[in-house]
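Colleague: First, the structure itself, so that you have it in front of you.
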Amino acid sequence: MDVQLEKPLPLPTPVTRPFWEGLAEGCIRIQHCLDCGGWVFYPRSHCSHCLSERLEWREVSGAATLYTFTITRQPTAPFFADEVPQRLAVVELAEGVRMTSTLVNVADADIRVGMRLRPVFDRVSADVTMLRFAPA
Ligand SMILES: [Zn+2]
């Protein structure tokens, strides 16, 4: 019997919804603190630098560098069996926040820590767009 597993997808919450809506529109929005000027990611109800609740969403370019990565040759979960090898990455945006993502459009041998990256908006369903990164 062929069992088709549905991949888990993000479920926006009131706090994270602006981030996901931005991706669906083809832009990256992250939180910026009106009190200390710090950038905040992942989305939260308060600033991770000064605990202020005065955060606003700002659009950023998505220019990033590769902070670290690993290549998984075994599925990390049954849902991802069709995606191996996965190029799992932690990328650092120009604003200094880091996010976990996957690299696309790059050969394994060309991946280097510190390489410049650009965002790729991957529409995986009618409602969800995932943020991936490719060489700049
Ligand atoms: Zn702050």
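Letters for chains follow the order of the structure tokens (A, B, ...), residue numbers begin at 1 for each chain, and ligand numbers begin at 1 in the order shown.
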12 Å from ligand 1 is the threshold here; counting only C-alpha atoms and all ligand atoms, which polymer residues fall inside it? Answer as a PyMOL selection string.
Modeller: chain A and resi 31-40+44-56
Colleague: Can you pull out the residues contacting Pro78 (chain A)? Cut-off 10 Å, using only C-alpha atoms, and skip same-chain residues under 4 positions away; I want them as a ChimeraX atom specification.
Modeller: /A:5-7,74,82
Colleague: Selected residues, N, CA and C atoms, written as a compact mmCIF listing (two decimals), in the first residue's frame, please.
Modeller:
# COMPACT_ATOMS: atom_id res chain seq x y z
N LEU A 5 2.18 10.73 2.72
CA LEU A 5 2.19 11.52 3.95
C LEU A 5 2.11 13.00 3.60
N GLU A 6 1.29 13.71 4.33
CA GLU A 6 1.23 15.15 4.12
C GLU A 6 2.31 15.82 4.93
N LYS A 7 3.06 16.71 4.29
CA LYS A 7 4.12 17.40 5.02
C LYS A 7 3.52 18.37 6.02
N GLN A 74 19.79 11.17 5.04
CA GLN A 74 18.67 10.35 5.53
C GLN A 74 17.54 11.33 5.86
N ASP A 82 11.17 12.49 0.23
CA ASP A 82 11.31 12.87 -1.19
C ASP A 82 12.22 14.07 -1.39
Colleague: So that I can check the secondary structure, give me every residue of region 23-102 of chain A assigned strand (DSSP E) by backbone DSSP, as an MDAnalysis selection string.
Modeller: chainID A and resid 28:33 39:40 55:60 64:72 86:93 98:102
Colleague: For the residues in that selection, give me N, CA and C atoms as a short mmCIF file (atom, residue, chain, number, x, y, z; two decimals), in the first residue's frame.
Modeller:
data_model
loop_
_atom_site.label_atom_id
_atom_site.label_comp_id
_atom_site.auth_asym_id
_atom_site.auth_seq_id
_atom_site.Cartn_x
_atom_site.Cartn_y
_atom_site.Cartn_z
N ILE A 28 9.94 39.81 2.73
CA ILE A 28 10.32 39.35 4.07
C ILE A 28 10.08 40.48 5.04
N ARG A 29 9.27 40.23 6.05
CA ARG A 29 9.04 41.21 7.11
C ARG A 29 9.50 40.61 8.42
N ILE A 30 10.35 41.36 9.13
CA ILE A 30 10.75 40.93 10.46
C ILE A 30 10.48 42.07 11.44
N GLN A 31 10.50 41.74 12.70
CA GLN A 31 10.15 42.72 13.72
C GLN A 31 11.34 43.59 14.08
N HIS A 32 11.03 44.87 14.32
CA HIS A 32 12.03 45.85 14.70
C HIS A 32 11.53 46.54 15.97
N CYS A 33 12.40 46.70 16.95
CA CYS A 33 12.00 47.28 18.24
C CYS A 33 12.05 48.81 18.18
N TRP A 39 16.63 44.14 15.97
CA TRP A 39 15.85 43.30 15.08
C TRP A 39 15.53 42.00 15.81
N VAL A 40 14.33 41.48 15.59
CA VAL A 40 13.86 40.32 16.34
C VAL A 40 13.37 39.24 15.37
N LEU A 55 7.00 46.60 19.17
CA LEU A 55 7.64 46.05 17.97
C LEU A 55 6.81 46.43 16.75
N GLU A 56 7.50 46.71 15.66
CA GLU A 56 6.79 46.93 14.39
C GLU A 56 7.42 46.03 13.34
N TRP A 57 6.61 45.73 12.32
CA TRP A 57 7.08 44.88 11.22
C TRP A 57 7.70 45.76 10.16
N ARG A 58 8.90 45.38 9.71
CA ARG A 58 9.56 46.12 8.64
C ARG A 58 9.99 45.15 7.55
N GLU A 59 9.84 45.62 6.31
CA GLU A 59 10.29 44.81 5.19
C GLU A 59 11.80 44.92 5.05
N VAL A 60 12.45 43.79 4.83
CA VAL A 60 13.90 43.76 4.64
C VAL A 60 14.20 43.08 3.30
N ALA A 64 21.50 37.86 2.71
CA ALA A 64 21.94 37.05 3.85
C ALA A 64 23.28 36.41 3.55
N THR A 65 23.88 35.85 4.59
CA THR A 65 25.07 35.02 4.43
C THR A 65 24.80 33.69 5.13
N LEU A 66 25.51 32.68 4.67
CA LEU A 66 25.34 31.35 5.25
C LEU A 66 26.13 31.27 6.56
N TYR A 67 25.43 31.04 7.65
CA TYR A 67 26.08 30.96 8.97
C TYR A 67 26.60 29.54 9.22
N THR A 68 25.76 28.54 8.95
CA THR A 68 26.19 27.15 9.05
C THR A 68 25.21 26.29 8.26
N PHE A 69 25.59 25.05 8.01
CA PHE A 69 24.70 24.17 7.24
C PHE A 69 25.04 22.71 7.52
N THR A 70 24.12 21.84 7.12
CA THR A 70 24.41 20.41 7.09
C THR A 70 23.61 19.83 5.94
N ILE A 71 24.11 18.74 5.41
CA ILE A 71 23.41 18.05 4.32
C ILE A 71 22.92 16.73 4.86
N THR A 72 21.60 16.57 4.88
CA THR A 72 21.03 15.33 5.41
C THR A 72 20.81 14.36 4.26
N GLN A 86 18.71 16.92 1.85
CA GLN A 86 18.26 18.27 2.22
C GLN A 86 19.46 19.09 2.62
N ARG A 87 19.49 20.33 2.16
CA ARG A 87 20.57 21.25 2.52
C ARG A 87 20.04 22.19 3.58
N LEU A 88 20.13 21.74 4.83
CA LEU A 88 19.59 22.52 5.95
C LEU A 88 20.60 23.60 6.32
N ALA A 89 20.09 24.80 6.55
CA ALA A 89 20.99 25.92 6.77
C ALA A 89 20.49 26.85 7.86
N VAL A 90 21.42 27.48 8.52
CA VAL A 90 21.11 28.65 9.35
C VAL A 90 21.71 29.83 8.60
N VAL A 91 20.85 30.77 8.23
CA VAL A 91 21.31 31.94 7.48
C VAL A 91 21.20 33.17 8.36
N GLU A 92 22.10 34.10 8.14
CA GLU A 92 22.09 35.36 8.88
C GLU A 92 21.72 36.48 7.94
N LEU A 93 20.59 37.13 8.22
CA LEU A 93 20.18 38.26 7.41
C LEU A 93 21.12 39.44 7.65
N ARG A 98 19.17 35.47 12.71
CA ARG A 98 19.44 34.19 12.04
C ARG A 98 18.15 33.40 11.93
N MET A 99 18.01 32.66 10.84
CA MET A 99 16.84 31.81 10.66
C MET A 99 17.25 30.48 10.05
N THR A 100 16.51 29.46 10.40
CA THR A 100 16.73 28.14 9.84
C THR A 100 15.97 28.04 8.53
N SER A 101 16.61 27.47 7.53
CA SER A 101 15.98 27.39 6.21
C SER A 101 16.60 26.22 5.46
N THR A 102 16.34 26.17 4.17
CA THR A 102 16.99 25.20 3.30
C THR A 102 17.58 25.94 2.11
#
Colleague: Show which residues sit within 12 Å of Pro14 (chain A), as a count of residues only. Count only C-alpha atoms, and ignore same-chain residues fewer than 3 positions away.
Modeller: 9
Colleague: Mind the document's chain letters and residue numbers, and return as a PDB file with N, CA, C and O atoms, in the first residue's frame the residues of region 7-91 of chain A that DSSP labels helix (DSSP H, G or I).
Modeller:
ATOM      1  N   ARG A  17       1.640  35.771  12.066  1.00  0.00           N
ATOM      2  CA  ARG A  17       0.901  35.946  10.810  1.00  0.00           C
ATOM      3  C   ARG A  17       1.526  36.985   9.864  1.00  0.00           C
ATOM      4  O   ARG A  17       1.640  36.713   8.659  1.00  0.00           O
ATOM      5  N   PRO A  18       2.007  38.151  10.327  1.00  0.00           N
ATOM      6  CA  PRO A  18       2.601  39.116   9.389  1.00  0.00           C
ATOM      7  C   PRO A  18       3.817  38.558   8.651  1.00  0.00           C
ATOM      8  O   PRO A  18       4.046  38.890   7.488  1.00  0.00           O
ATOM      9  N   PHE A  19       4.582  37.708   9.305  1.00  0.00           N
ATOM     10  CA  PHE A  19       5.730  37.091   8.636  1.00  0.00           C
ATOM     11  C   PHE A  19       5.259  36.208   7.481  1.00  0.00           C
ATOM     12  O   PHE A  19       5.737  36.344   6.345  1.00  0.00           O
ATOM     13  N   TRP A  20       4.304  35.327   7.755  1.00  0.00           N
ATOM     14  CA  TRP A  20       3.818  34.395   6.729  1.00  0.00           C
ATOM     15  C   TRP A  20       3.079  35.132   5.620  1.00  0.00           C
ATOM     16  O   TRP A  20       3.202  34.776   4.447  1.00  0.00           O
ATOM     17  N   GLU A  21       2.317  36.151   5.966  1.00  0.00           N
ATOM     18  CA  GLU A  21       1.615  36.931   4.945  1.00  0.00           C
ATOM     19  C   GLU A  21       2.622  37.654   4.048  1.00  0.00           C
ATOM     20  O   GLU A  21       2.417  37.764   2.839  1.00  0.00           O
ATOM     21  N   GLY A  22       3.710  38.127   4.633  1.00  0.00           N
ATOM     22  CA  GLY A  22       4.749  38.771   3.842  1.00  0.00           C
ATOM     23  C   GLY A  22       5.338  37.802   2.822  1.00  0.00           C
ATOM     24  O   GLY A  22       5.476  38.145   1.641  1.00  0.00           O
ATOM     25  N   LEU A  23       5.650  36.592   3.266  1.00  0.00           N
ATOM     26  CA  LEU A  23       6.216  35.612   2.338  1.00  0.00           C
ATOM     27  C   LEU A  23       5.248  35.334   1.193  1.00  0.00           C
ATOM     28  O   LEU A  23       5.654  35.222   0.031  1.00  0.00           O
ATOM     29  N   ALA A  24       3.958  35.235   1.500  1.00  0.00           N
ATOM     30  CA  ALA A  24       2.956  34.975   0.452  1.00  0.00           C
ATOM     31  C   ALA A  24       2.927  36.115  -0.559  1.00  0.00           C
ATOM     32  O   ALA A  24       2.583  35.912  -1.727  1.00  0.00           O
ATOM     33  N   PRO A  78       9.704  11.178   8.082  1.00  0.00           N
ATOM     34  CA  PRO A  78       9.151  10.504   6.896  1.00  0.00           C
ATOM     35  C   PRO A  78       8.591  11.465   5.860  1.00  0.00           C
ATOM     36  O   PRO A  78       8.665  11.185   4.660  1.00  0.00           O
ATOM     37  N   PHE A  79       8.101  12.620   6.304  1.00  0.00           N
ATOM     38  CA  PHE A  79       7.525  13.594   5.366  1.00  0.00           C
ATOM     39  C   PHE A  79       8.538  14.098   4.350  1.00  0.00           C
ATOM     40  O   PHE A  79       8.177  14.573   3.286  1.00  0.00           O
ATOM     41  N   PHE A  80       9.816  14.049   4.705  1.00  0.00           N
ATOM     42  CA  PHE A  80      10.839  14.662   3.872  1.00  0.00           C
ATOM     43  C   PHE A  80      11.631  13.635   3.052  1.00  0.00           C
ATOM     44  O   PHE A  80      12.666  13.976   2.482  1.00  0.00           O
ATOM     45  N   ALA A  81      11.135  12.403   2.984  1.00  0.00           N
ATOM     46  CA  ALA A  81      11.862  11.351   2.264  1.00  0.00           C
ATOM     47  C   ALA A  81      12.082  11.729   0.802  1.00  0.00           C
ATOM     48  O   ALA A  81      13.087  11.351   0.208  1.00  0.00           O
ATOM     49  N   ASP A  82      11.169  12.493   0.228  1.00  0.00           N
ATOM     50  CA  ASP A  82      11.309  12.865  -1.188  1.00  0.00           C
ATOM     51  C   ASP A  82      12.223  14.071  -1.389  1.00  0.00           C
ATOM     52  O   ASP A  82      12.415  14.503  -2.513  1.00  0.00           O
ATOM     53  N   GLU A  83      12.775  14.620  -0.308  1.00  0.00           N
ATOM     54  CA  GLU A  83      13.596  15.827  -0.429  1.00  0.00           C
ATOM     55  C   GLU A  83      15.081  15.591  -0.183  1.00  0.00           C
ATOM     56  O   GLU A  83      15.868  16.521  -0.265  1.00  0.00           O
TER      57      GLU A  83
END
Colleague: Closest to Gly114 (chain A) among A:Ala136, A:Ala77, A:Ala126, A:Leu131, using only C-alpha atoms?
Modeller: A:Ala136
Colleague: With only C-alpha atoms as the atoms that count, which of A:Thr76, A:Ala94, A:Pro85, A:Ser125 lies nearest to Ala107 (chain A)?
Modeller: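 Among the listed residues, A:Pro85 lies closest to Ala107 (chain A).
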